[in-house]
Amino acid sequence: MLTQSNSQAPTLVTPSVLDNRSLSLDTPPVFTSSSTIVSALTPPVNNVGGRTISSATNLGVISGIQSVQDVIGVNSTNPNSYYRFTVNSLSNINLTLTHLTGDADLALTDASGTIIRQPSILPGYTQDESISFANINAGEYYIRVNQYSGDTTFTLNLAVDRAGVFPDNASPLLANEYELNNVWGTVTQTHSLNNNNTSDTYHFDNPFVSGNYSLSLSGLTSDVDIRVVRDANRNGIVDMGDVLSNSIRLGTDSESIDLQGLGSGGYFVQVYQGSPGSSTNYTLTLNNQPGTGLATEPDDTIDQAYNVKTLNGSRHFNGSLSGRTNPEGRGDSQDFYRFELGTTSDFSLSLTGMTSNANVEVIRDANQNGRIDDGEVIALSTSSGINPESILMQGLGSGKYIVRVYQDPNTTPADTNYSLTLQASPGLGLPGLPGSTSEIKTLNGVREFGGAISSRRPTDLYFFDLTTRSDFKLDLTGLRGDLDVRVYADSNRNGVIDAGESMIGSSLRSGSLSESINLQALQSGRYIVKISQGTSTLDFSNYVLRLEANPTVSNFGSDDNSLRQAVSFGSLTNSSRSRSVNDFVGTTDTQDFYRFTVGERGTLSVNLARLSADADLQLLSSDGTVLSRSVNPGTASESISRELVAGEYFVRVYQGASNSNTNYNLDLDFQTASR
């Protein structure tokens, strides 16, 4: 059953064509982030579908995501494309058929051609198709893409969820399964989920520059969850940073999401099994009203910051500052906003509409102590008077950040309204023009850039500031030829490598080998990174530059490797909700435990990042029972999100492989259900 209270019937859409950008030797290439929720994304297979089931193209054993781009129906001589794949254990399967220019149908069959599954709805011309179901046995299976009418190109995505490859029960694939078009007012959808249809995906457009969206999921008889996704690169895959917000309450509790000030553009809503085997009808309600978001008061400290959640696209907010005190003696001279980047992104903000002076800064609270410490302000804008403020940060690394809007303490306080726009676009930053130096400003956390060196552009320079003693790490990867990298102390802070200025680190490996530099406890100051040809005969090479700095701290050590010896994080509350630590696991310290308590029901988010080898993550109850785990392969980050009741819990970080040795950053964040 499908109903909409504003009488908008779902209509058909034609997918947009992705950009194809050319590469010049004189200008650096355009780089975008393509890291997915899992590292098991296989490169696309192009135009190879077998035309009969006996000649089906063998995709091999699938564990992760496989993408196929193909065409059928040309001159009506090849109306079918068949693909064969194997799963080695009981698995969940997701299939999407997208980017259609004609009408094609999707089916999963056995070797005889008997249909095992096909879409639960049969869309019309050029409409995406999707299959999602649970508990398919190990064995060999076939995918058939069949021409219904018209020649068509297509993209086929296949995802196999085996042994916890994906972090939850949601499909990692996106399709316009239900197209809602422009949502204005209230839209209601009624459908059902079960093991034969584990996930439903809706696509909608926000027709306003800024809209206030609320979503609710009700009428549940078993556990179902919901999330909102922005597919920034339009690849039909849920990449890191694409999930804007989710609701994952336990059992039959209704789910809800509030996204104020959501920017214009297209978005997906996924409704999916919250627990294996869930079977229920549900009612999904979306409401959108034009307007900017308004952060709830109080938002005057880092702990009280308004939670924007994941930033991907644009968000718009109105606020106000006042130099006057309220009856409780508290003023409102500053507002805080919290946001998270799920992947490296170009970030910008603007602050406009003031009637008296206001400034803005971006903060990375590296030690999660709720205070602005030395080195944690990574960008600021302090224009005079009522002039607009703006900040642009290319290649800002994934992680949690804070925006502070505040009155200039050196001017007489006066009341003012303001409009704040935050924007993030996944992708690497780009170097400046040839011969110039790219300014990173304060480095705290991760910044990533993509560029190219050639005979006509033999050098790229970057300079950054450290405002507190920090551990610094540089990686230069993705090389097609011999590049070298050096770091200099810019003692006179002029952004130029002058005669006599010290080179404090270098990596000069031969050929196309990656380069890396590690400098511990680097003192505050300005530094320059120089990337240059390793040999004068180099014609051209791309590169990806990753810079990371973290305030120097001491590790807890190796005496935290049992529940009894667990490091205590104390009680997580709304006023003290986050914890962060840097430590190590490896052959000499195979696991670390951290103890914490929560006093009421709420949602815990745990993130394990900055890995150089495989490490995994578990959430344990007070008696050591495993409640949740994250076991992504290789150096992929780990994450857990789970609703907890009052009690004591443990987090365990441990080696993902017997020979893994890695430093790590562990972040915990707890939000009570009443907040």
# chains A, B, ... in the order shown; residues from 1 in each chain; ligands from 1

call {"tool": "closest_atom_pairs", "arguments": {"of": "segment 512-625 of chain A", "to": "segment 448-460 of chain A", "cutoff": "9 Å", "atoms": "only C-alpha atoms", "output": "CSV"}}
result
residue,atom,partner,partner_atom,distance
A:Val529,CA,A:Asp460,CA,8.2
A:Lys530,CA,A:Asp460,CA,6.0
A:Ile531,CA,A:Asp460,CA,5.2
A:Ser532,CA,A:Thr459,CA,4.5
A:Gln533,CA,A:Pro458,CA,5.8
A:Ser536,CA,A:Ser455,CA,7.8
A:Thr537,CA,A:Ser455,CA,7.9
A:Leu538,CA,A:Ser455,CA,6.5
A:Asp539,CA,A:Ser454,CA,5.2
A:Phe540,CA,A:Ser454,CA,4.2
A:Ser541,CA,A:Ile453,CA,5.4
A:Asn542,CA,A:Ala452,CA,4.2
A:Tyr543,CA,A:Gly451,CA,5.5
A:Val544,CA,A:Gly450,CA,4.5
A:Leu545,CA,A:Phe449,CA,5.1
A:Arg546,CA,A:Glu448,CA,4.5
A:Leu547,CA,A:Glu448,CA,6.3
A:Glu548,CA,A:Glu448,CA,8.7

call {"tool": "closest_atom_pairs", "arguments": {"of": "segment 388-466 of chain A", "to": "segment 334-337 of chain A", "cutoff": "6 Å", "atoms": "only C-alpha atoms", "output": "Markdown table"}}
result
| residue | atom | partner | partner_atom | distance |
| --- | --- | --- | --- | --- |
| A:Ile402 | CA | A:Tyr337 | CA | 5.6 |
| A:Val403 | CA | A:Tyr337 | CA | 5.1 |
| A:Arg404 | CA | A:Phe336 | CA | 4.7 |
| A:Val405 | CA | A:Asp335 | CA | 5.2 |
| A:Tyr406 | CA | A:Gln334 | CA | 4.1 |

call {"tool": "atom_distance", "arguments": {"atom1": "atom CA of Gly656 of chain A", "atom2": "atom CA of Asn518 of chain A"}}
result
23.5 Å

call {"tool": "atom_distance", "arguments": {"atom1": "atom CA of Gln127 of chain A", "atom2": "atom CA of Thr310 of chain A"}}
result
28.9 Å

call {"tool": "closest_residue", "arguments": {"among": "A:Gly375, A:Pro119, A:Gly241, A:Gly323", "to": "Phe339 of chain A", "atoms": "only C-alpha atoms"}}
result
A:Gly241

call {"tool": "select_by_dssp", "arguments": {"residues": "segment 570-661 of chain A", "states": "strand (DSSP E or B)", "output": "ChimeraX atom specification"}}
result
/A:570-572,578-586,589,591-598,602-609,615-620,626-630,638-644,647-655

call {"tool": "residues_around", "arguments": {"residues": "segment 311-317 of chain A", "least_positions_apart": "2", "cutoff": "8 Å", "atoms": "only C-alpha atoms", "output": "tab-separated table (two decimals) with N, CA, C and O atoms, in the first residue's frame"}}
result
chain	number	residue	atom	x	y	z
A	210	SER	N	16.69	25.88	1.94
A	210	SER	CA	16.80	25.31	3.28
A	210	SER	C	15.43	24.82	3.72
A	210	SER	O	14.43	25.53	3.57
A	230	ARG	N	22.84	10.92	1.84
A	230	ARG	CA	23.10	11.77	0.68
A	230	ARG	C	24.20	11.11	-0.14
A	230	ARG	O	25.35	11.02	0.32
A	232	ALA	N	26.66	11.57	-2.34
A	232	ALA	CA	27.35	12.75	-2.86
A	232	ALA	C	27.94	12.51	-4.24
A	232	ALA	O	27.90	13.39	-5.11
A	241	GLY	N	30.59	8.70	5.27
A	241	GLY	CA	30.14	10.08	5.32
A	241	GLY	C	28.84	10.35	4.61
A	241	GLY	O	28.33	11.48	4.67
A	242	ASP	N	28.26	9.35	3.93
A	242	ASP	CA	27.00	9.56	3.22
A	242	ASP	C	25.78	9.52	4.14
A	242	ASP	O	24.73	10.04	3.80
A	244	LEU	N	23.63	10.81	6.86
A	244	LEU	CA	23.49	12.08	7.58
A	244	LEU	C	22.99	11.87	9.00
A	244	LEU	O	23.41	12.56	9.92
A	260	GLN	N	17.14	19.81	10.72
A	260	GLN	CA	16.80	21.20	10.51
A	260	GLN	C	17.78	21.84	9.53
A	260	GLN	O	18.95	21.50	9.48
A	261	GLY	N	17.26	22.79	8.74
A	261	GLY	CA	18.11	23.56	7.85
A	261	GLY	C	18.77	22.74	6.76
A	261	GLY	O	19.87	23.06	6.33
A	262	LEU	N	18.11	21.69	6.29
A	262	LEU	CA	18.69	20.79	5.28
A	262	LEU	C	18.73	21.51	3.94
A	262	LEU	O	17.75	22.09	3.49
A	263	GLY	N	19.89	21.47	3.28
A	263	GLY	CA	20.07	22.15	2.01
A	263	GLY	C	19.33	21.48	0.87
A	263	GLY	O	18.89	20.33	0.97
A	264	SER	N	19.19	22.20	-0.23
A	264	SER	CA	18.48	21.67	-1.39
A	264	SER	C	19.23	20.49	-1.99
A	264	SER	O	20.44	20.34	-1.80
A	292	THR	N	15.02	27.97	7.79
A	292	THR	CA	16.32	27.62	8.34
A	292	THR	C	16.17	26.98	9.71
A	292	THR	O	15.16	27.16	10.39
A	293	GLY	N	17.19	26.23	10.10
A	293	GLY	CA	17.18	25.61	11.41
A	293	GLY	C	17.42	26.63	12.50
A	293	GLY	O	17.96	27.71	12.29
A	294	LEU	N	16.99	26.29	13.70
A	294	LEU	CA	17.18	27.15	14.86
A	294	LEU	C	17.69	26.29	16.01
A	294	LEU	O	16.97	25.41	16.50
A	295	ALA	N	18.94	26.50	16.39
A	295	ALA	CA	19.53	25.71	17.47
A	295	ALA	C	18.82	26.01	18.78
A	295	ALA	O	18.53	27.16	19.11
A	308	VAL	N	24.64	18.94	14.72
A	308	VAL	CA	24.28	18.89	13.31
A	308	VAL	C	24.38	17.47	12.78
A	308	VAL	O	23.82	17.13	11.75
A	309	LYS	N	25.12	16.62	13.48
A	309	LYS	CA	25.41	15.24	13.08
A	309	LYS	C	26.32	15.26	11.85
A	309	LYS	O	27.13	16.16	11.68
A	319	GLY	N	20.51	32.24	14.27
A	319	GLY	CA	20.76	32.33	15.70
A	319	GLY	C	20.87	33.77	16.13
A	319	GLY	O	20.72	34.70	15.33
A	339	PHE	N	29.54	19.14	14.47
A	339	PHE	CA	29.28	18.35	13.27
A	339	PHE	C	30.38	17.31	13.10
A	339	PHE	O	31.45	17.41	13.70
A	340	GLU	N	30.10	16.34	12.24
A	340	GLU	CA	31.05	15.26	11.97
A	340	GLU	C	31.21	15.08	10.47
A	340	GLU	O	30.24	15.18	9.72
A	341	LEU	N	32.44	14.85	10.03
A	341	LEU	CA	32.73	14.47	8.66
A	341	LEU	C	33.04	12.99	8.64
A	341	LEU	O	33.93	12.54	9.35
A	342	GLY	N	32.33	12.25	7.80
A	342	GLY	CA	32.56	10.81	7.71
A	342	GLY	C	33.68	10.45	6.77
A	342	GLY	O	34.15	9.31	6.77
A	419	SER	N	22.98	34.51	10.40
A	419	SER	CA	22.67	33.34	9.59
A	419	SER	C	23.96	32.58	9.36
A	419	SER	O	24.95	33.16	8.88
A	420	LEU	N	23.96	31.29	9.70
A	420	LEU	CA	25.14	30.44	9.57
A	420	LEU	C	24.87	29.35	8.55
A	420	LEU	O	23.87	28.63	8.65
A	421	THR	N	25.74	29.22	7.55
A	421	THR	CA	25.66	28.14	6.57
A	421	THR	C	26.91	27.29	6.67
A	421	THR	O	28.03	27.80	6.62
A	422	LEU	N	26.71	25.98	6.83
A	422	LEU	CA	27.80	25.01	6.86
A	422	LEU	C	27.68	24.14	5.62
A	422	LEU	O	26.58	23.72	5.25
A	423	GLN	N	28.81	23.84	4.97
A	423	GLN	CA	28.77	23.02	3.77
A	423	GLN	C	30.00	22.12	3.71
A	423	GLN	O	31.11	22.53	4.05
A	424	ALA	N	29.77	20.86	3.26
A	424	ALA	CA	30.87	19.91	3.08
A	424	ALA	C	30.62	19.10	1.82
A	424	ALA	O	29.51	18.63	1.59
A	425	SER	N	31.67	18.95	1.01
A	425	SER	CA	31.61	18.15	-0.21
A	425	SER	C	32.73	17.12	-0.14
A	425	SER	O	33.91	17.50	-0.11
A	426	PRO	N	32.40	15.82	-0.10
A	426	PRO	CA	33.46	14.81	-0.02
A	426	PRO	C	34.47	14.94	-1.15
A	426	PRO	O	34.12	15.16	-2.31
